[in-house]
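model_39.cif (mmCIF, C-alpha atoms)
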```cif
data_input
loop_
_atom_site.label_atom_id
_atom_site.label_comp_id
_atom_site.auth_asym_id
_atom_site.auth_seq_id
_atom_site.Cartn_x
_atom_site.Cartn_y
_atom_site.Cartn_z
CA MET A 1 68.86 -236.48 30.39
CA ALA A 2 68.00 -237.24 26.77
CA LEU A 3 64.38 -238.14 26.14
CA MET A 4 63.65 -241.85 25.88
CA PRO A 5 60.88 -244.19 26.96
CA LYS A 6 61.00 -245.45 30.54
CA ARG A 7 59.61 -248.86 29.66
CA VAL A 8 59.36 -250.56 26.29
CA LYS A 9 57.79 -253.79 25.19
CA PHE A 10 60.52 -254.48 22.64
CA ARG A 11 64.04 -253.01 22.64
CA LYS A 12 64.38 -252.95 18.86
CA THR A 13 61.82 -251.85 16.31
CA GLN A 14 61.59 -252.20 12.55
CA ARG A 15 62.27 -249.03 10.61
CA GLY A 16 58.70 -248.49 9.37
CA LYS A 17 57.38 -245.74 7.11
CA CYS A 18 56.41 -242.10 7.66
CA ALA A 19 53.64 -242.14 5.09
CA GLY A 20 50.73 -239.73 5.16
CA LYS A 21 49.95 -236.42 6.75
CA ALA A 22 49.43 -235.45 10.38
CA MET A 23 45.71 -235.77 11.03
CA ARG A 24 46.09 -234.90 14.68
CA GLY A 25 48.65 -232.93 16.65
CA ASN A 26 48.66 -230.53 13.69
CA ALA A 27 47.31 -227.41 15.41
CA VAL A 28 48.58 -225.11 18.14
CA SER A 29 46.72 -226.35 21.22
CA PHE A 30 48.55 -225.16 24.34
CA GLY A 31 50.46 -221.98 23.52
CA ASP A 32 49.95 -219.09 21.12
CA TYR A 33 52.65 -219.90 18.56
CA GLY A 34 54.10 -223.12 17.25
CA LEU A 35 56.71 -224.74 15.06
CA GLN A 36 55.18 -227.03 12.45
CA THR A 37 57.01 -229.50 10.26
CA LEU A 38 56.44 -229.40 6.51
CA GLU A 39 58.07 -232.78 5.88
CA SER A 40 57.74 -236.21 7.38
CA GLY A 41 60.68 -237.96 8.99
CA TRP A 42 62.53 -238.83 12.17
CA ILE A 43 63.61 -236.34 14.80
CA SER A 44 66.13 -237.73 17.24
CA ALA A 45 66.01 -237.20 21.00
CA ARG A 46 69.18 -235.12 20.72
CA GLN A 47 67.62 -232.85 18.11
CA ILE A 48 64.48 -232.40 20.22
CA GLU A 49 66.67 -231.52 23.18
CA ALA A 50 68.84 -229.18 21.06
CA GLY A 51 65.70 -227.33 19.96
CA ARG A 52 64.48 -227.03 23.52
CA VAL A 53 67.89 -225.79 24.71
CA ALA A 54 68.00 -223.23 21.87
CA VAL A 55 64.64 -221.83 22.97
CA THR A 56 65.45 -221.84 26.69
CA HIS A 57 68.83 -220.24 26.04
CA PHE A 58 67.35 -217.46 23.92
CA LEU A 59 64.33 -216.72 26.10
CA GLY A 60 65.97 -217.16 29.50
CA ARG A 61 63.19 -217.07 32.04
CA GLU A 62 60.60 -215.58 29.71
CA GLY A 63 57.68 -217.42 28.16
CA LYS A 64 56.53 -221.01 28.39
CA LEU A 65 57.50 -223.81 26.03
CA TRP A 66 55.69 -227.04 25.26
CA VAL A 67 57.42 -229.95 23.49
CA ARG A 68 54.67 -231.84 21.70
CA ILE A 69 56.69 -234.81 20.43
CA PHE A 70 58.44 -237.68 22.21
CA PRO A 71 61.04 -240.14 20.85
CA HIS A 72 59.29 -243.48 21.25
CA LYS A 73 61.11 -245.37 18.50
CA SER A 74 64.52 -247.00 18.96
CA VAL A 75 66.98 -246.99 16.07
CA THR A 76 69.70 -249.60 16.03
CA LYS A 77 73.16 -249.48 14.49
CA LYS A 78 75.81 -252.09 13.84
CA PRO A 79 79.33 -251.32 15.13
CA LEU A 80 81.92 -250.06 12.62
CA GLU A 81 83.95 -252.57 10.62
CA THR A 82 81.56 -255.40 11.43
CA ARG A 83 80.58 -257.99 8.87
CA MET A 84 76.94 -258.20 7.91
CA GLY A 85 74.73 -260.74 9.61
CA LYS A 86 74.93 -261.95 13.21
CA GLY A 87 71.65 -260.30 14.07
CA LYS A 88 70.33 -256.80 14.43
CA GLY A 89 72.56 -254.10 15.95
CA GLU A 90 72.11 -252.51 19.34
CA PRO A 91 69.86 -249.47 19.97
CA GLU A 92 71.82 -246.33 19.07
CA MET A 93 69.28 -243.60 19.63
CA TYR A 94 65.60 -242.85 20.06
CA VAL A 95 63.59 -240.90 17.51
CA ALA A 96 60.16 -239.34 17.18
CA VAL A 97 58.34 -240.19 13.96
CA VAL A 98 56.69 -237.01 12.70
CA LYS A 99 54.36 -236.55 9.79
CA GLU A 100 53.95 -233.47 7.61
CA GLY A 101 51.94 -230.94 9.62
CA THR A 102 52.90 -232.03 13.15
CA VAL A 103 53.39 -229.19 15.62
CA LEU A 104 56.65 -229.90 17.45
CA TYR A 105 56.99 -227.01 19.87
CA GLU A 106 54.56 -224.43 21.22
CA LEU A 107 55.34 -221.14 22.85
CA ALA A 108 53.31 -218.69 24.94
CA GLY A 109 53.87 -215.58 27.03
CA VAL A 110 56.08 -213.74 24.53
CA PRO A 111 55.29 -211.21 21.76
CA GLU A 112 54.94 -212.53 18.22
CA ASP A 113 58.24 -211.14 16.93
CA VAL A 114 60.17 -212.73 19.82
CA ALA A 115 58.34 -216.03 19.27
CA LYS A 116 59.25 -215.95 15.56
CA GLU A 117 62.92 -215.33 16.28
CA THR A 118 62.99 -218.00 19.00
CA LEU A 119 61.31 -220.69 16.94
CA ALA A 120 63.51 -219.84 13.94
CA ARG A 121 66.53 -220.65 16.11
CA CYS A 122 64.83 -223.86 17.15
CA ALA A 123 64.05 -224.73 13.51
CA HIS A 124 67.76 -224.54 12.69
CA LYS A 125 68.32 -227.52 14.97
CA MET A 126 65.75 -229.62 13.14
CA PRO A 127 66.48 -232.03 10.27
CA LEU A 128 63.26 -231.17 8.42
CA ARG A 129 61.70 -228.05 6.91
CA MET A 130 59.68 -226.10 9.48
CA ARG A 131 57.34 -223.15 9.58
CA PHE A 132 56.02 -220.77 12.20
CA VAL A 133 52.29 -221.09 12.97
CA LYS A 134 49.82 -219.25 15.17
CA ARG A 135 46.87 -220.47 17.18
CA ARG A 136 43.57 -220.73 15.31
CA HIS A 137 40.49 -219.21 16.85
CA PHE A 138 37.92 -221.52 15.25
CA MET B 1 27.52 -206.45 18.98
CA ALA B 2 29.63 -207.80 16.17
CA LYS B 3 28.89 -206.71 12.61
CA ARG B 4 27.70 -209.54 10.43
CA PRO B 5 29.63 -210.12 7.22
CA LEU B 6 27.93 -211.13 4.01
CA ILE B 7 29.03 -214.24 2.17
CA GLU B 8 27.75 -215.40 -1.18
CA ALA B 9 27.12 -219.07 -1.63
CA THR B 10 26.24 -221.19 -4.62
CA LYS B 11 24.36 -224.42 -4.56
CA ARG B 12 26.37 -227.52 -5.50
CA GLU B 13 24.83 -230.67 -6.87
CA GLN B 14 27.80 -233.01 -6.95
CA LYS B 15 29.26 -234.57 -3.86
CA GLY B 16 32.24 -236.85 -3.27
CA SER B 17 35.95 -236.28 -2.85
CA HIS B 18 36.73 -235.78 -6.55
CA SER B 19 34.14 -233.10 -7.17
CA VAL B 20 34.99 -231.19 -3.97
CA ALA B 21 38.69 -231.43 -4.84
CA ARG B 22 37.83 -229.78 -8.17
CA LEU B 23 35.92 -227.08 -6.28
CA ARG B 24 38.87 -226.40 -4.00
CA LYS B 25 41.16 -226.06 -7.02
CA GLU B 26 38.83 -223.37 -8.35
CA GLY B 27 39.20 -221.38 -5.11
CA ALA B 28 35.94 -222.43 -3.47
CA VAL B 29 35.22 -224.22 -0.22
CA PRO B 30 32.58 -226.94 -0.04
CA ALA B 31 30.07 -226.24 2.70
CA ILE B 32 26.76 -227.42 4.05
CA ILE B 33 23.84 -225.57 5.57
CA TYR B 34 21.24 -227.09 7.84
CA GLY B 35 18.86 -226.27 10.68
CA SER B 36 15.54 -224.49 11.26
CA GLY B 37 13.61 -227.49 9.97
CA ALA B 38 14.57 -226.70 6.37
CA PRO B 39 16.26 -229.34 4.22
CA VAL B 40 20.03 -229.75 4.26
CA GLU B 41 21.67 -228.01 1.31
CA MET B 42 25.13 -228.56 -0.13
CA ILE B 43 26.73 -225.24 -1.04
CA SER B 44 30.10 -223.74 -1.84
CA VAL B 45 31.57 -220.44 -0.72
CA SER B 46 34.63 -218.41 -1.72
CA HIS B 47 37.79 -219.56 0.08
CA GLU B 48 39.16 -216.03 0.24
CA ARG B 49 35.95 -214.64 1.76
CA MET B 50 35.79 -217.48 4.25
CA ARG B 51 39.37 -216.76 5.38
CA GLU B 52 38.42 -213.11 5.91
CA ILE B 53 35.46 -214.15 8.06
CA ILE B 54 37.58 -216.52 10.11
CA GLU B 55 40.25 -213.90 10.63
CA ALA B 56 37.60 -211.39 11.73
CA ARG B 57 36.28 -214.15 14.07
CA SER B 58 32.69 -213.50 13.04
CA ARG B 59 30.43 -216.26 14.25
CA THR B 60 27.26 -215.19 12.48
CA VAL B 61 27.10 -214.39 8.79
CA ASP B 62 24.51 -213.31 6.27
CA LEU B 63 24.54 -216.12 3.76
CA LYS B 64 23.26 -215.13 0.33
CA LEU B 65 22.10 -218.21 -1.52
CA GLY B 66 20.61 -217.35 -4.89
CA SER B 67 18.20 -214.48 -4.43
CA LYS B 68 17.46 -214.99 -0.75
CA SER B 69 19.64 -214.05 2.18
CA GLN B 70 19.57 -215.84 5.51
CA SER B 71 21.45 -215.51 8.75
CA ALA B 72 23.60 -218.46 9.72
CA ILE B 73 26.10 -219.38 12.36
CA VAL B 74 29.50 -220.91 11.52
CA LYS B 75 29.12 -224.22 13.30
CA ASP B 76 32.31 -226.01 12.29
CA VAL B 77 35.37 -225.33 10.16
CA GLN B 78 37.63 -228.10 8.89
CA TYR B 79 41.20 -227.40 7.82
CA ASP B 80 43.81 -229.29 5.83
CA HIS B 81 46.65 -231.07 7.65
CA LEU B 82 48.79 -227.92 7.68
CA GLY B 83 45.96 -225.76 8.97
CA SER B 84 46.40 -223.23 6.18
CA ASP B 85 43.46 -224.05 3.89
CA VAL B 86 39.82 -224.30 4.84
CA PHE B 87 38.53 -227.69 3.72
CA HIS B 88 34.87 -227.61 4.66
CA VAL B 89 32.46 -225.38 6.55
CA ASP B 90 29.23 -226.19 8.39
CA PHE B 91 26.64 -223.42 8.60
CA GLU B 92 23.48 -223.59 10.69
CA ARG B 93 20.44 -221.50 9.82
CA ILE B 94 19.55 -219.37 12.78
CA GLU B 95 17.23 -216.58 13.85
CA LEU B 96 19.19 -213.65 15.26
CA SER B 97 16.86 -213.51 18.27
CA GLU B 98 17.54 -217.18 19.05
CA THR B 99 19.68 -217.96 22.11
CA VAL B 100 22.85 -219.91 21.36
CA ARG B 101 25.80 -221.29 23.27
CA VAL B 102 29.22 -220.65 21.75
CA GLU B 103 32.86 -220.44 22.72
CA VAL B 104 34.46 -217.02 22.34
CA SER B 105 38.23 -216.56 22.36
CA ILE B 106 39.91 -214.50 25.07
CA GLU B 107 42.45 -211.96 23.85
CA THR B 108 44.95 -210.14 26.03
CA HIS B 109 45.65 -206.47 25.42
CA GLY B 110 48.82 -204.68 26.52
CA VAL B 111 51.98 -205.84 28.24
CA ALA B 112 51.58 -206.96 31.84
CA LYS B 113 53.52 -205.05 34.49
CA GLY B 114 54.66 -208.36 35.96
CA THR B 115 56.23 -209.58 32.73
CA ARG B 116 58.48 -206.49 32.67
CA LEU B 117 59.74 -207.65 36.08
CA GLY B 118 60.52 -211.11 34.74
CA GLY B 119 57.17 -212.78 35.36
CA VAL B 120 55.63 -215.23 32.90
CA LEU B 121 52.17 -214.50 31.55
CA GLU B 122 49.94 -217.51 31.12
CA VAL B 123 46.54 -217.48 29.46
CA VAL B 124 44.98 -220.46 31.20
CA HIS B 125 41.60 -220.27 29.48
CA LYS B 126 41.85 -219.40 25.82
CA HIS B 127 38.08 -219.56 25.33
CA VAL B 128 35.04 -218.73 27.38
CA SER B 129 31.64 -220.37 26.94
CA VAL B 130 28.85 -217.85 26.58
CA GLU B 131 25.13 -217.87 26.04
CA CYS B 132 23.53 -215.03 24.15
CA LYS B 133 21.34 -214.11 21.23
CA ALA B 134 22.84 -215.15 17.90
CA GLY B 135 23.02 -211.54 16.79
CA ASP B 136 24.94 -210.49 19.92
CA ILE B 137 27.84 -212.97 19.81
CA PRO B 138 31.04 -211.03 20.51
CA ASN B 139 33.97 -211.72 18.17
CA GLU B 140 36.34 -211.89 21.14
CA VAL B 141 36.62 -210.96 24.81
CA VAL B 142 39.47 -208.54 25.45
CA VAL B 143 41.32 -208.60 28.80
CA GLU B 144 43.36 -205.54 29.78
CA ILE B 145 46.50 -206.90 31.40
CA ALA B 146 48.67 -203.77 31.63
CA ASP B 147 48.16 -203.45 35.43
CA LEU B 148 48.69 -207.12 36.14
CA ASP B 149 51.62 -207.61 38.52
CA ILE B 150 53.44 -210.83 39.48
CA ASP B 151 51.14 -213.37 41.15
CA GLN B 152 48.08 -211.37 40.13
CA PHE B 153 45.37 -212.90 37.96
CA VAL B 154 42.13 -212.21 36.18
CA THR B 155 39.23 -214.57 36.76
CA ILE B 156 36.45 -215.29 34.33
CA GLY B 157 34.07 -213.35 36.56
CA GLN B 158 36.24 -210.23 36.13
CA LEU B 159 36.07 -210.30 32.33
CA GLN B 160 34.33 -207.39 30.69
CA ILE B 161 31.51 -209.10 28.87
CA PRO B 162 29.13 -207.12 26.63
CA GLU B 163 25.54 -206.65 27.78
CA GLY B 164 23.14 -209.45 26.99
CA VAL B 165 25.90 -212.06 27.05
CA LYS B 166 25.89 -214.62 29.88
CA VAL B 167 29.07 -216.48 30.81
CA LEU B 168 28.57 -220.20 31.45
CA ASP B 169 32.02 -220.99 32.83
CA ASP B 170 32.93 -220.90 36.53
CA PRO B 171 33.39 -217.20 37.44
CA ALA B 172 36.11 -218.10 39.96
CA ALA B 173 38.25 -219.85 37.32
CA ILE B 174 41.50 -218.04 36.54
CA CYS B 175 41.85 -217.12 32.90
CA VAL B 176 45.03 -214.99 32.86
CA VAL B 177 47.83 -215.13 35.43
CA VAL B 178 51.35 -213.75 35.77
CA HIS B 179 53.63 -216.35 37.33
CA PRO B 180 56.73 -215.31 39.31
CA PRO B 181 60.08 -215.52 37.48
CA ARG B 182 61.44 -219.02 37.08
CA LYS B 183 64.87 -220.08 38.30
CA GLU B 184 67.61 -219.70 35.72
CA VAL B 185 68.21 -223.10 34.16
CA ASP B 186 71.77 -224.13 33.37
CA VAL B 187 71.15 -225.38 29.84
CA THR B 188 74.73 -226.53 29.17
CA ALA B 189 74.77 -228.75 32.26
CA GLU B 190 71.42 -230.17 31.24
CA ALA B 191 72.65 -230.88 27.73
CA GLU B 192 75.75 -232.65 29.06
CA ALA B 193 73.63 -234.77 31.35
CA GLY B 194 71.58 -235.77 28.33
CA ALA B 195 74.62 -237.12 26.53
CA GLU B 196 74.72 -240.37 28.52
CA LEU B 197 72.41 -243.03 27.14
CA ALA B 198 70.75 -245.52 29.45
CA GLU B 199 68.50 -248.34 28.36
CA PRO B 200 64.77 -248.32 29.05
CA GLU B 201 63.28 -251.15 31.05
CA VAL B 202 61.92 -253.95 28.87
CA ILE B 203 58.43 -255.06 29.93
CA GLY B 204 58.43 -258.77 30.69
CA ALA B 205 62.23 -259.12 30.50
CA LYS B 206 62.60 -259.87 34.22
CA LYS B 207 60.02 -262.63 34.01
CA GLU B 208 62.05 -264.43 31.38
CA GLU B 209 65.17 -264.27 33.51
CA GLU B 210 63.28 -265.61 36.51
CA GLU B 211 61.80 -268.41 34.43
CA SER B 212 65.20 -269.42 33.05
CA GLY B 213 66.57 -269.37 36.61
CA GLU B 214 63.80 -271.67 37.79
CA GLU B 215 64.41 -274.10 34.94
CA SER B 216 68.13 -274.38 35.71
#
```
Written as structure tokens, that's how I'd like the structure from this file.
Amino acid sequence: MALMPKRVKFRKTQRGKCAGKAMRGNAVSFGDYGLQTLESGWISARQIEAGRVAVTHFLGREGKLWVRIFPHKSVTKKPLETRMGKGKGEPEMYVAVVKEGTVLYELAGVPEDVAKETLARCAHKMPLRMRFVKRRHF
Amino acid sequence: MAKRPLIEATKREQKGSHSVARLRKEGAVPAIIYGSGAPVEMISVSHERMREIIEARSRTVDLKLGSKSQSAIVKDVQYDHLGSDVFHVDFERIELSETVRVEVSIETHGVAKGTRLGGVLEVVHKHVSVECKAGDIPNEVVVEIADLDIDQFVTIGQLQIPEGVKVLDDPAAICVVVHPPRKEVDVTAEAEAGAELAEPEVIGAKKEEEESGEES
């Protein structure tokens, strides 16, 4: 099941901006290694899921993965060959709004080289530039 | 006992975001030192040296400010949004014989026997709270996990803590555990199931329908 909110206050949202930098959620908190975004933007529920599947597929039963983002925002689209007007389109997908520095996935229980390879595969599924990060000690 | 690194600091007069931004451009980190009843002083230290200290996980340092050297504890480190650059450091003046409470990171050493059999290693507690003399703060607590089989764990009470260091956390709390192998997940089936899009429930939508029903 693709990630999406269970309950929403409004079905459709305005597009908004992704201005600024991640001032929280920008450090590895649960695992030992993480995948951090170097750009701000939207990551769709499908892309989040594709990244998770890429990790699970590569690691099998090894390690533990945390997905730190959730697609809260609905994105609408008008049907093809429709004239403009007549109101806003219907929700097409859900996206997570991420800011530069956000840690998207975290991994633990695997050696560093395996974590690097795994998260590199995951990064290929992402629409933004990513980098591998390690947990800070203080 | 961890060896104390030396760090040279220079006093800074100017404060404010513009002047500290200039400092950072020059390869320095703005810092502050306080404690021991002495006045608060604004200082700057070398970014490179500070990174070395952080990587070595040294809690106490010998801070050389002008001609005098004093021991200090790294109280707080602030990073930029990417976590790669040190933005600001808080030092606290401290006597090495003074008792302090700090958090020390737990490091695993070796490959657990259980993980070779498909188990999943989880480090539940990444830090342990300790109380000791400022001069005796260990850089890290190492846990040997080579003999750890599936469903076996190490509690905080079993950690090998250096002499003179008292652990404040619950000794029965599990800090490292090897979980049994998980069931194989059929990722393709999961991905296919994710293809169908349902609508989330709209809060308050039912009320509107009910109201319109009542009106008619």
Starting from chain A, keep only residues with some atom at most 7 Å from an atom of chain B, counting only C-alpha atoms, and report them as JSON, numbers by chain.
{"A": [1, 2, 5, 6, 7, 8, 9, 10, 11, 21, 22, 23, 26, 27, 53, 57, 60, 61, 62, 63, 101, 109, 137, 138]}
Could you tell me how far atom CA of B:His47 lies from atom CA of B:Ala28, in Å and to one decimal?
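Straight-line distance from atom CA of B:His47 to atom CA of B:Ala28 works out to 4.9 Å.
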Check the smallest atom-to-atom distance from each of A:Arg121, A:Val133, A:Gly87, A:Thr102 to A:Gly25 using all atoms listed in the file, then report the winner.
A:Thr102
note - atom CA of B:Gln152 and atom CA of A:Leu59 are separated by 22.1 Å
State, in Å with one decimal place, the distance from atom CA of B:Phe153 to atom CA of B:His109.
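Atom CA of B:His109 lies at a distance of 14.1 Å from atom CA of B:Phe153.
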Have a look at B:Glu52, B:Gly157, B:Glu41, B:Phe87 and name the one nearest to B:Lys25; count only C-alpha atoms.
B:Phe87
Contacts of stretch 13-20 of chain A within 12 Å, all atoms listed in the file, excl. fewer than 3 positions in-chain, as a ChimeraX atom specification:
/A:8-10,23-24,38-43,72-77,88-102 /B:81
Next, write the just-selected residues to a file, as an mmCIF file, in the coordinates of the input, keeping C-alpha atoms as the atom set.
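Output file result.cif is given in full below:
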```
data_model
loop_
_atom_site.group_PDB
_atom_site.id
_atom_site.type_symbol
_atom_site.label_atom_id
_atom_site.label_comp_id
_atom_site.auth_asym_id
_atom_site.auth_seq_id
_atom_site.Cartn_x
_atom_site.Cartn_y
_atom_site.Cartn_z
ATOM 1 C CA VAL A 8 59.360 -250.560 26.290
ATOM 2 C CA LYS A 9 57.790 -253.790 25.190
ATOM 3 C CA PHE A 10 60.520 -254.480 22.640
ATOM 4 C CA MET A 23 45.710 -235.770 11.030
ATOM 5 C CA ARG A 24 46.090 -234.900 14.680
ATOM 6 C CA LEU A 38 56.440 -229.400 6.510
ATOM 7 C CA GLU A 39 58.070 -232.780 5.880
ATOM 8 C CA SER A 40 57.740 -236.210 7.380
ATOM 9 C CA GLY A 41 60.680 -237.960 8.990
ATOM 10 C CA TRP A 42 62.530 -238.830 12.170
ATOM 11 C CA ILE A 43 63.610 -236.340 14.800
ATOM 12 C CA HIS A 72 59.290 -243.480 21.250
ATOM 13 C CA LYS A 73 61.110 -245.370 18.500
ATOM 14 C CA SER A 74 64.520 -247.000 18.960
ATOM 15 C CA VAL A 75 66.980 -246.990 16.070
ATOM 16 C CA THR A 76 69.700 -249.600 16.030
ATOM 17 C CA LYS A 77 73.160 -249.480 14.490
ATOM 18 C CA LYS A 88 70.330 -256.800 14.430
ATOM 19 C CA GLY A 89 72.560 -254.100 15.950
ATOM 20 C CA GLU A 90 72.110 -252.510 19.340
ATOM 21 C CA PRO A 91 69.860 -249.470 19.970
ATOM 22 C CA GLU A 92 71.820 -246.330 19.070
ATOM 23 C CA MET A 93 69.280 -243.600 19.630
ATOM 24 C CA TYR A 94 65.600 -242.850 20.060
ATOM 25 C CA VAL A 95 63.590 -240.900 17.510
ATOM 26 C CA ALA A 96 60.160 -239.340 17.180
ATOM 27 C CA VAL A 97 58.340 -240.190 13.960
ATOM 28 C CA VAL A 98 56.690 -237.010 12.700
ATOM 29 C CA LYS A 99 54.360 -236.550 9.790
ATOM 30 C CA GLU A 100 53.950 -233.470 7.610
ATOM 31 C CA GLY A 101 51.940 -230.940 9.620
ATOM 32 C CA THR A 102 52.900 -232.030 13.150
ATOM 33 C CA HIS B 81 46.650 -231.070 7.650
#
```
Shortest contact to A:Arg135, candidates A:Arg68, A:Lys12, A:Gly31, A:Ala115, atoms counted all atoms listed in the file, goes to A:Gly31
Excluding B:Pro30 and its own-chain neighbours fewer than 5 positions away, which residues fall within 7 Å of it when counting all atoms listed in the file? Please give them as a PyMOL selection string.
chain B and resi 20+43-45+88-89
Residue by residue, what does the PyMOL selection byres ((chain B and resi 62-65) around 7) grab here? Present the result as JSON, numbers by chain.
{"B": [4, 5, 6, 7, 8, 9, 10, 61, 66, 67, 68, 69, 70, 71, 72]}
Name the closest residue to A:Leu107 among the candidates A:Thr82, A:Thr37, A:Thr56, A:Ser44; distances are taken between atoms, counting all atoms listed in the file.
A:Thr56
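Closest approach to B:Val40 among B:Ser17, B:Glu92, B:Ala134, B:Leu159: B:Glu92, based on all atoms listed in the file.
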Taking into account all atoms listed in the file, which residue in the set B:Glu13, B:Glu163, B:Glu26, B:Asp149 is nearest to B:Cys132?
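Using all atoms listed in the file, the shortest distance to B:Cys132 belongs to B:Glu163.
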Resolved residues for the PyMOL selection byres ((chain A and resi 130) around 8) as number ranges by chain:
A: 35-39, 123, 126, 128-129, 131-132
Written as a list in words, what is the full residue list that the PyMOL selection byres ((chain A and resi 51) around 9) yields on the file shown?
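Listing what the PyMOL selection byres ((chain A and resi 51) around 9) selects in the shown file: Arg46, Gln47, Ile48, Glu49, Ala50, Arg52, Val53, Ala54, Val55, Thr56, Tyr105, Leu119, Arg121, Cys122, Ala123, His124, Lys125 and Met126 of chain A.
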What does stretch 17-23 of chain A look like written to a file with all heavy atoms, as a PDB file, in the first residue's frame?
```pdb
ATOM      1  N   LYS A  17       5.842  26.366  -1.038  1.00  0.00           N
ATOM      2  CA  LYS A  17       7.277  26.542  -1.364  1.00  0.00           C
ATOM      3  C   LYS A  17       8.103  25.574  -0.523  1.00  0.00           C
ATOM      4  O   LYS A  17       7.660  25.133   0.533  1.00  0.00           O
ATOM      5  CB  LYS A  17       7.705  27.973  -1.016  1.00  0.00           C
ATOM      6  CG  LYS A  17       6.974  29.048  -1.791  1.00  0.00           C
ATOM      7  CD  LYS A  17       7.787  29.472  -2.959  1.00  0.00           C
ATOM      8  CE  LYS A  17       6.999  30.257  -3.952  1.00  0.00           C
ATOM      9  NZ  LYS A  17       7.036  31.648  -3.897  1.00  0.00           N
ATOM     10  N   CYS A  18       9.308  25.303  -0.975  1.00  0.00           N
ATOM     11  CA  CYS A  18      10.234  24.460  -0.196  1.00  0.00           C
ATOM     12  C   CYS A  18      11.419  25.318   0.238  1.00  0.00           C
ATOM     13  O   CYS A  18      12.574  24.905   0.140  1.00  0.00           O
ATOM     14  CB  CYS A  18      10.770  23.303  -1.005  1.00  0.00           C
ATOM     15  SG  CYS A  18       9.539  22.280  -1.753  1.00  0.00           S
ATOM     16  N   ALA A  19      11.142  26.527   0.669  1.00  0.00           N
ATOM     17  CA  ALA A  19      12.244  27.434   0.987  1.00  0.00           C
ATOM     18  C   ALA A  19      12.944  27.046   2.279  1.00  0.00           C
ATOM     19  O   ALA A  19      12.328  26.476   3.162  1.00  0.00           O
ATOM     20  CB  ALA A  19      11.710  28.849   1.105  1.00  0.00           C
ATOM     21  N   GLY A  20      14.200  27.366   2.357  1.00  0.00           N
ATOM     22  CA  GLY A  20      14.953  27.179   3.606  1.00  0.00           C
ATOM     23  C   GLY A  20      15.698  25.872   3.692  1.00  0.00           C
ATOM     24  O   GLY A  20      15.761  25.100   2.730  1.00  0.00           O
ATOM     25  N   LYS A  21      16.271  25.670   4.851  1.00  0.00           N
ATOM     26  CA  LYS A  21      17.071  24.470   5.113  1.00  0.00           C
ATOM     27  C   LYS A  21      16.413  23.680   6.234  1.00  0.00           C
ATOM     28  O   LYS A  21      15.669  24.241   7.036  1.00  0.00           O
ATOM     29  CB  LYS A  21      18.481  24.887   5.552  1.00  0.00           C
ATOM     30  CG  LYS A  21      19.214  25.687   4.519  1.00  0.00           C
ATOM     31  CD  LYS A  21      20.334  26.460   5.172  1.00  0.00           C
ATOM     32  CE  LYS A  21      21.025  27.336   4.146  1.00  0.00           C
ATOM     33  NZ  LYS A  21      21.995  28.224   4.790  1.00  0.00           N
ATOM     34  N   ALA A  22      16.745  22.382   6.292  1.00  0.00           N
ATOM     35  CA  ALA A  22      16.161  21.531   7.332  1.00  0.00           C
ATOM     36  C   ALA A  22      16.808  21.872   8.668  1.00  0.00           C
ATOM     37  O   ALA A  22      18.011  21.702   8.840  1.00  0.00           O
ATOM     38  CB  ALA A  22      16.385  20.073   6.994  1.00  0.00           C
ATOM     39  N   MET A  23      16.022  22.402   9.583  1.00  0.00           N
ATOM     40  CA  MET A  23      16.553  22.761  10.896  1.00  0.00           C
ATOM     41  C   MET A  23      16.277  21.663  11.915  1.00  0.00           C
ATOM     42  O   MET A  23      16.721  21.718  13.044  1.00  0.00           O
ATOM     43  CB  MET A  23      15.980  24.091  11.362  1.00  0.00           C
ATOM     44  CG  MET A  23      16.556  25.261  10.606  1.00  0.00           C
ATOM     45  SD  MET A  23      18.329  25.339  10.876  1.00  0.00           S
ATOM     46  CE  MET A  23      18.861  26.143   9.395  1.00  0.00           C
TER      47      MET A  23
END
```
